[in-house]
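Chemist: This structure is in structure tokens; I'll ask about it shortly.
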Amino acid sequence: MAMATMDEILSAIDAGQTAAVERLFGFLRIPSVSAVPAHFPDCDRAADWLVAELGSLGFDAAKHPTDGRPMVLGHLKCARRDAPHVLFYGHYDVQPADPLELWRSPPFEPTLESGPRGERIVARGAVDDKGQLMTFLEACRAFQQFGGPPCSITALFEGEEETGSPSLPAFLAKNAKALKADVALVCDTGMWGPTVPAITIALRGIVGEEVVLTGPNRDLHSGVFGGLAVNPINVLAGILGGLHDANGAVALPGFYDGVEELPKELLELWDGLDFDAAAFLGGVGLTTPAGERGRTPLEQLWSRPSCDINGISGGYAGEGQKTVIASTASAKVTFRLVGKQNPERVSQSFRAFVASRLPPDVKARFIGGGGSPALSLSIKNEALRRAKRALEAEWGKPAALVGCGGSIPIVGAFKRELNMDCLLVGFGLDDDNMHSPNEKYERTSFHKGARSWARILAALAA
């Protein structure tokens with residue numbers, strides 16, 4: 001069979017949109033909530049659904065059991081001997097739908113709603129990640145009408161992403177040979193704007209710590225003991241208050257080891273994005289950037305490390321007063337990492353920082369400490385260059401090369417375990433209500449997302 005032109009592939013995607021939405025609706029109706037044991041059978045159903053879907057597209061696909069939710073693995077070999085091999089990753093599990101009373105329609109009964117940009121698909125999982133996952137499969141479907149995609153493809157779908165992917169490391173280690181490819185493709189990110197595509201080239205790493213301070217052997221009356229007995233809450237507050245200096249920098253010794261300055265070319269690209277920090281903060285009721293002074297807002301979000309206290313507990317927090325000196329006080333702290341920062345060293349530095357500030361009679365106990373390093377993709381990467389051109393051809397605007405303040409552990413695992421770079425291309429929008437009631441995915445994102453993946457696959461194979 002003669003190789004199809006890109007116009008023929010795109011026309012096939014356009015003509016199949018009604019059926020594509022129906023397929024997505026069928027997938028969305030499965031309440032595959034990985035955090036709730038009652039929905040574990042639904043996760044199995046979602047995995048089976050994907051195995052059948054991949055099979056219909058010519059993949060050799062199977063469900064693989066794990067200690068948690070099953071993995072779905074499929075392989076499709078291109079007839080071209082010199083065709084590149086790509087690994088596409090997505091996840092079929094979704095967040096719980098609570099609070100249900102805030103949904104305009106039942107979360108697992110997908111609907112089409114009218115919005116300011118046209119129709120939108122509303123359901124739990126619409127954007128995270130079922131709708132995004134299906135953009136890739138719909139691109140594969142269009143190619144299959146003309147003999148198959150121009151690349152060999154391995155598809156990996158997991159069912160525990162929303163609960164931290166506990167089964168993934170062992171699965172990667174056991175199946176490293178079957179998963180190895182030239183590049184990994186991940187569709188679990190977003191666009192720069194409703195009409196501006198994006199490729200995420202930097203992800204911050206993370207370290208999570210919890211510290212528990214213990215002073216007296218029981219809670220004390222603050223009138224009888226106040227002023228004489230050490231107060232763990234006071235001690236903890238002082239330690240936490242010293243985590244940042246007057247300029248907003250993190251004060252841990254050695255914290256900035258491995259933090260590199262941005263290449264001038266990338267800094268200029270980010271400056272050209274015209275990011276409106278006031279509007280970004282205004283959406284959550286704030287007005288002023290609060291990070292490191294002397295850094296642009298996008299640097300603060302994407303290329304600089306951070307430290308945040310996520311929760312503090314101790315003593316009495318109920319209604320009214322209880323004059324007590326608490327026996328214990330605790331805090332949860334996370335560090336977002338960039339560049340070559342070492343998660344273990346950051347954890348050790350935090351613990352040493354706390355220990356060095358403990359007065360007599362106060363002991364510290366630490367919980368957690370696990371983490372993952374930051375990741376980045378060179379702007380000179382050839383797969384990145386090709387994907388960028390393909391996205392511009394589809395959207396009519398240059399793709400923004402952006403960072404992500406959050407962390408996606410699977411990307412780090414691909415790099416560490418398989419020595420494989422990732423192209424992070426997604427079509428979600430900031431207002432898609434990810435993890436919230438009334439989650440949605442724009443029809444435009446779903447349609448043009450499939451067209452975009454078709455162009456990217458062709459560009460990688462050119």
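So you can find residues: chains in the structure tokens are A, B, ... in the order shown, residues in each start at 1, and ligands are numbered from 1 in order.
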List the spatial neighbours of A:Val324 as a JSON list (two decimals) with N, CA and C atoms, in the first residue's frame - criterion: any atom at most 7 Å away, only C-alpha atoms, same-chain residues fewer than 5 positions off excluded.
Modeler:
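The resulting file, selection.json, is reproduced below:
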```
[["chain", "number", "residue", "atom", "x", "y", "z"],
["A", 219, "ASP", "N", 1.11, 16.95, 77.68],
["A", 219, "ASP", "CA", 0.68, 18.34, 77.56],
["A", 219, "ASP", "C", 0.66, 18.99, 78.94],
["A", 220, "LEU", "N", 1.06, 20.28, 78.98],
["A", 220, "LEU", "CA", 1.19, 20.96, 80.25],
["A", 220, "LEU", "C", 0.26, 22.17, 80.34],
["A", 221, "HIS", "N", -0.11, 22.54, 81.56],
["A", 221, "HIS", "CA", -0.89, 23.75, 81.82],
["A", 221, "HIS", "C", 0.03, 24.94, 81.61],
["A", 222, "SER", "N", -0.36, 25.85, 80.70],
["A", 222, "SER", "CA", 0.54, 26.95, 80.37],
["A", 222, "SER", "C", 0.65, 27.99, 81.49],
["A", 315, "GLY", "N", -0.74, 20.92, 69.70],
["A", 315, "GLY", "CA", -1.55, 21.62, 70.69],
["A", 315, "GLY", "C", -3.03, 21.56, 70.40]]
```
Chemist: Write out as a ChimeraX atom specification which residues come within 10 Å of A:Pro359 when counting only C-alpha atoms, dropping same-chain ones fewer than 5 positions away.
Modeler: /A:215,230,232,235
Chemist: Output C-alpha atoms of each residue in that selection to a file, as a JSON list (two decimals), in the first residue's frame.
Modeler:
```
[["chain", "number", "residue", "atom", "x", "y", "z"],
["A", 215, "GLY", "CA", 9.40, 18.20, 74.49],
["A", 230, "VAL", "CA", 10.15, 24.43, 76.67],
["A", 232, "PRO", "CA", 7.80, 22.46, 71.06],
["A", 235, "VAL", "CA", 10.66, 25.84, 68.81]]
```
Chemist: Using only C-alpha atoms, which residue out of A:Phe255, A:Phe366, A:Trp270, A:Phe275 lies closest to A:Gln341?
Modeler: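 Checking each candidate against A:Gln341, we get A:Phe255 as the closest.
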Chemist: Per residue of stretch 318-424 of chain A within 10 Å of stretch 138-161 of chain A, record the nearest atom pair and its distance in Å to one decimal, counting only C-alpha atoms, with rows in chain order and ascending residue number, as JSON lines.
Modeler:
```
{"residue": "A:Ile408", "atom": "CA", "partner": "A:Glu161", "partner_atom": "CA", "distance": 9.2}
{"residue": "A:Pro409", "atom": "CA", "partner": "A:Glu161", "partner_atom": "CA", "distance": 9.0}
{"residue": "A:Ile410", "atom": "CA", "partner": "A:Glu161", "partner_atom": "CA", "distance": 8.6}
```
Chemist: May I have the residues from that selection written out with N, CA and C atoms, as a tab-separated table (two decimals), in the first residue's frame?
Modeler:
```tsv
chain	number	residue	atom	x	y	z
A	408	ILE	N	6.64	14.92	37.56
A	408	ILE	CA	6.00	13.76	36.94
A	408	ILE	C	6.97	12.59	37.10
A	409	PRO	N	6.81	11.78	38.15
A	409	PRO	CA	7.81	10.76	38.46
A	409	PRO	C	8.13	9.81	37.31
A	410	ILE	N	7.15	9.48	36.45
A	410	ILE	CA	7.40	8.53	35.37
A	410	ILE	C	8.49	9.03	34.44
```
Chemist: Determine, counting only C-alpha atoms, which protein, DNA and RNA residues have an atom within 12 Å of an atom of A:Arg345; residues of the same chain fewer than 2 positions away are not included. Present the result as a PyMOL selection string.
Modeler: chain A and resi 207+252-258+335+337+340-343+347-353+369-373
Chemist: Residues near stretch 169-173 of chain A, anyone? I mean within 9 Å using only C-alpha atoms, not counting same-chain ones fewer than 4 positions away, as a PyMOL selection string.
Modeler: chain A and resi 66+71+165+177+179+410+413-414+417-418
Chemist: If we count only C-alpha atoms, what is near A:Pro398 at a cut-off of 12 Å, once residues fewer than 4 positions away on the same chain are taken out, given as a ChimeraX atom specification?
Modeler: /A:191-193,195-199,269,272-273,385,387-394
Chemist: Within 12 Å of A:Ser56, counting only C-alpha atoms, which residues qualify if same-chain residues fewer than 2 places away don't, as a list of chain:residue names?
Modeler: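 Residues meeting the cut-off are A:Trp49, A:Leu50, A:Val51, A:Ala52, A:Glu53, A:Leu54, A:Gly58, A:Phe59, A:Asp60, A:Ala61, A:Gly74, A:Leu76, A:Leu137, A:Glu138, A:Cys140, A:Arg141, A:Gln144, A:Gln145.
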Chemist: Grab the residues selected above and save them as a compact mmCIF listing (two decimals), in the first residue's frame with N, CA and C atoms.
Modeler:
```txt
# COMPACT_ATOMS: atom_id res chain seq x y z
N TRP A 49 -10.47 -2.57 28.68
CA TRP A 49 -10.97 -1.71 27.60
C TRP A 49 -9.80 -1.26 26.72
N LEU A 50 -8.70 -0.89 27.34
CA LEU A 50 -7.54 -0.43 26.57
C LEU A 50 -6.89 -1.56 25.79
N VAL A 51 -6.84 -2.74 26.38
CA VAL A 51 -6.28 -3.88 25.65
C VAL A 51 -7.09 -4.13 24.37
N ALA A 52 -8.41 -4.08 24.50
CA ALA A 52 -9.27 -4.28 23.33
C ALA A 52 -9.07 -3.15 22.32
N GLU A 53 -8.96 -1.93 22.80
CA GLU A 53 -8.79 -0.78 21.90
C GLU A 53 -7.47 -0.88 21.14
N LEU A 54 -6.40 -1.21 21.86
CA LEU A 54 -5.11 -1.37 21.18
C LEU A 54 -5.17 -2.51 20.18
N GLY A 58 -4.31 -2.87 15.81
CA GLY A 58 -3.21 -3.68 15.30
C GLY A 58 -2.09 -3.93 16.29
N PHE A 59 -2.24 -3.45 17.52
CA PHE A 59 -1.22 -3.68 18.53
C PHE A 59 -1.30 -5.11 19.07
N ASP A 60 -0.16 -5.68 19.40
CA ASP A 60 -0.10 -6.90 20.19
C ASP A 60 -0.15 -6.45 21.65
N ALA A 61 -1.31 -6.53 22.29
CA ALA A 61 -1.52 -5.90 23.59
C ALA A 61 -1.95 -6.91 24.63
N GLY A 74 1.38 -2.61 24.94
CA GLY A 74 1.09 -2.98 23.57
C GLY A 74 2.24 -2.63 22.65
N LEU A 76 3.39 -2.27 18.43
CA LEU A 76 3.01 -2.19 17.02
C LEU A 76 4.27 -1.91 16.22
N LEU A 137 -4.19 7.66 20.51
CA LEU A 137 -4.77 6.47 19.88
C LEU A 137 -5.60 6.83 18.65
N GLU A 138 -6.25 8.00 18.66
CA GLU A 138 -7.01 8.40 17.48
C GLU A 138 -6.08 8.74 16.32
N CYS A 140 -3.22 7.15 15.85
CA CYS A 140 -2.84 5.82 15.38
C CYS A 140 -3.95 5.20 14.52
N ARG A 141 -5.20 5.46 14.92
CA ARG A 141 -6.33 4.91 14.15
C ARG A 141 -6.35 5.44 12.73
N GLN A 144 -3.73 3.78 10.73
CA GLN A 144 -4.04 2.38 10.50
C GLN A 144 -4.90 2.20 9.25
N GLN A 145 -5.68 3.21 8.90
CA GLN A 145 -6.49 3.15 7.69
C GLN A 145 -5.64 3.12 6.43
```
Chemist: For A:Glu22, which residue out of A:Lys322, A:Gly131, A:Ala35, A:Cys187 is the nearest one, using only C-alpha atoms?
Modeler: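 Checking each candidate against A:Glu22, we get A:Gly131 as the closest.
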Chemist: Can you check which parts of stretch 90-135 of chain A lie within 9 Å of stretch 429-449 of chain A? Per residue, the shortest pair of atoms and distance in Å to one decimal, counting only C-alpha atoms, sorted by chain and number, as CSV.
Modeler:
```
residue,atom,partner,partner_atom,distance
A:Val94,CA,A:His435,CA,8.4
A:Gln95,CA,A:His435,CA,6.1
A:Pro96,CA,A:His435,CA,8.0
A:Ala97,CA,A:Pro437,CA,6.7
A:Asp98,CA,A:Pro437,CA,7.3
A:Pro99,CA,A:Pro437,CA,7.0
A:Leu100,CA,A:Pro437,CA,7.4
A:Glu101,CA,A:Pro437,CA,8.7
A:Leu102,CA,A:Pro437,CA,6.0
A:Trp103,CA,A:Pro437,CA,5.3
A:Arg104,CA,A:Asn438,CA,6.7
A:Ser105,CA,A:Asn438,CA,7.8
A:Pro107,CA,A:Asn438,CA,7.3
A:Leu112,CA,A:Arg443,CA,8.8
A:Gly115,CA,A:Glu442,CA,8.6
A:Arg117,CA,A:Glu442,CA,7.7
A:Gly118,CA,A:Arg443,CA,7.4
A:Glu119,CA,A:Arg443,CA,5.6
A:Arg120,CA,A:Glu442,CA,4.3
A:Ile121,CA,A:Tyr441,CA,5.1
A:Val122,CA,A:Lys440,CA,4.2
A:Ala123,CA,A:Glu439,CA,5.7
A:Arg124,CA,A:Glu439,CA,5.7
A:Gly125,CA,A:Glu439,CA,7.2
A:Ala126,CA,A:Lys440,CA,5.4
A:Val127,CA,A:Tyr441,CA,5.1
A:Asp128,CA,A:Met434,CA,6.5
A:Gly131,CA,A:Phe446,CA,6.7
A:Gln132,CA,A:Phe446,CA,7.1
A:Met134,CA,A:Phe446,CA,8.1
A:Thr135,CA,A:Gly449,CA,5.5
```
Chemist: Would you output that residue set with N, CA and C atoms, as a tab-separated table (two decimals), in the first residue's frame?
Modeler:
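Generated output (selection.tsv):
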```tsv
chain	number	residue	atom	x	y	z
A	94	VAL	N	-8.11	7.62	37.51
A	94	VAL	CA	-8.58	9.00	37.69
A	94	VAL	C	-8.70	9.30	39.18
A	95	GLN	N	-8.83	10.57	39.48
A	95	GLN	CA	-9.04	11.04	40.84
A	95	GLN	C	-10.47	10.72	41.32
A	96	PRO	N	-10.68	10.60	42.63
A	96	PRO	CA	-12.05	10.53	43.12
A	96	PRO	C	-12.85	11.76	42.68
A	97	ALA	N	-14.15	11.60	42.55
A	97	ALA	CA	-14.99	12.68	42.02
A	97	ALA	C	-15.51	13.63	43.10
A	98	ASP	N	-15.27	13.32	44.36
A	98	ASP	CA	-15.79	14.17	45.44
A	98	ASP	C	-15.26	15.60	45.33
A	99	PRO	N	-16.07	16.59	45.75
A	99	PRO	CA	-17.45	16.50	46.27
A	99	PRO	C	-18.47	16.42	45.14
A	100	LEU	N	-19.29	15.39	45.18
A	100	LEU	CA	-20.23	15.11	44.10
A	100	LEU	C	-21.25	16.22	43.91
A	101	GLU	N	-21.63	16.90	45.00
A	101	GLU	CA	-22.68	17.91	44.91
A	101	GLU	C	-22.27	19.13	44.08
A	102	LEU	N	-20.98	19.26	43.79
A	102	LEU	CA	-20.51	20.42	43.01
A	102	LEU	C	-20.49	20.15	41.50
A	103	TRP	N	-20.75	18.91	41.11
A	103	TRP	CA	-20.79	18.59	39.68
A	103	TRP	C	-22.13	19.02	39.08
A	104	ARG	N	-22.07	19.57	37.87
A	104	ARG	CA	-23.31	19.94	37.17
A	104	ARG	C	-24.00	18.72	36.58
A	105	SER	N	-23.23	17.66	36.33
A	105	SER	CA	-23.77	16.41	35.81
A	105	SER	C	-22.98	15.27	36.46
A	107	PRO	N	-20.34	12.65	37.36
A	107	PRO	CA	-18.95	12.68	36.89
A	107	PRO	C	-18.57	11.56	35.94
A	112	LEU	N	-21.52	16.64	26.68
A	112	LEU	CA	-20.99	17.76	25.89
A	112	LEU	C	-21.69	19.02	26.36
A	115	GLY	N	-19.32	26.02	25.72
A	115	GLY	CA	-18.44	26.90	26.46
A	115	GLY	C	-18.00	28.06	25.59
A	117	ARG	N	-15.31	28.59	24.15
A	117	ARG	CA	-14.48	28.19	23.01
A	117	ARG	C	-15.14	27.11	22.17
A	118	GLY	N	-16.42	26.88	22.38
A	118	GLY	CA	-17.12	25.82	21.66
A	118	GLY	C	-17.49	24.69	22.60
A	119	GLU	N	-17.67	23.51	22.06
A	119	GLU	CA	-18.08	22.38	22.88
A	119	GLU	C	-16.94	21.89	23.76
A	120	ARG	N	-17.32	21.36	24.92
A	120	ARG	CA	-16.35	20.78	25.84
A	120	ARG	C	-16.89	19.46	26.36
A	121	ILE	N	-15.99	18.53	26.63
A	121	ILE	CA	-16.33	17.22	27.17
A	121	ILE	C	-16.18	17.30	28.68
A	122	VAL	N	-17.25	17.03	29.43
A	122	VAL	CA	-17.24	17.15	30.88
A	122	VAL	C	-17.39	15.77	31.51
A	123	ALA	N	-16.40	15.36	32.29
A	123	ALA	CA	-16.43	14.08	33.02
A	123	ALA	C	-15.15	13.98	33.82
A	124	ARG	N	-15.15	13.16	34.86
A	124	ARG	CA	-13.91	12.87	35.56
A	124	ARG	C	-12.99	12.09	34.62
A	125	GLY	N	-11.76	12.56	34.48
A	125	GLY	CA	-10.79	11.93	33.58
A	125	GLY	C	-10.77	12.52	32.19
A	126	ALA	N	-11.64	13.51	31.92
A	126	ALA	CA	-11.71	14.05	30.56
A	126	ALA	C	-10.36	14.59	30.09
A	127	VAL	N	-9.66	15.31	30.97
A	127	VAL	CA	-8.35	15.85	30.60
A	127	VAL	C	-7.23	15.06	31.27
A	128	ASP	N	-7.50	14.45	32.40
A	128	ASP	CA	-6.46	13.79	33.19
A	128	ASP	C	-6.84	12.35	33.46
A	131	GLY	N	-8.79	11.65	28.10
A	131	GLY	CA	-8.93	12.39	26.85
A	131	GLY	C	-7.60	12.61	26.17
A	132	GLN	N	-6.58	12.90	26.96
A	132	GLN	CA	-5.24	13.12	26.40
A	132	GLN	C	-4.69	11.82	25.80
A	134	MET	N	-6.33	9.37	24.63
A	134	MET	CA	-7.06	8.99	23.41
A	134	MET	C	-6.69	9.83	22.20
A	135	THR	N	-6.13	11.03	22.40
A	135	THR	CA	-5.69	11.80	21.23
A	135	THR	C	-4.64	11.01	20.46
```
Chemist: Using backbone DSSP assignments, extract all helix (DSSP H, G or I) residues from stretch 146-361 of chain A; output them as a count of residues only.
Modeler: 62
Chemist: Counting only C-alpha atoms, which of A:Cys78, A:Leu133, A:Leu243, A:Leu266 gets nearest to A:Gly90?
Modeler: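 When distances to A:Gly90 are compared using only C-alpha atoms, the smallest one comes from A:Leu133.
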Chemist: Which residue out of A:Pro116, A:Pro41, A:Gly223, A:Pro31 has the minimum interatomic distance to A:Asp93 when only C-alpha atoms are used?
Modeler: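 Looking only at the distances to A:Asp93, the closest residue turns out to be A:Pro31.
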Chemist: With distances taken over only C-alpha atoms, which residue among A:Ser306, A:Ser327, A:Thr334, A:Asn231 lies nearest A:Val250?
Modeler: A:Ser306
Chemist: Could you pull out the strand (DSSP E or B) residues of stretch 248-375 of chain A, going by DSSP on the backbone, and write them as a ChimeraX atom specification?
Modeler: /A:250,306-314,324-325,328-337,363-372,375
Chemist: Rank A:Tyr316, A:Pro289, A:Arg451, A:Ala202 by their smallest atom-to-atom distance to A:Trp395, using only C-alpha atoms, and report the top residue only.
Modeler: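 For A:Trp395, the nearest of the given residues is A:Arg451.
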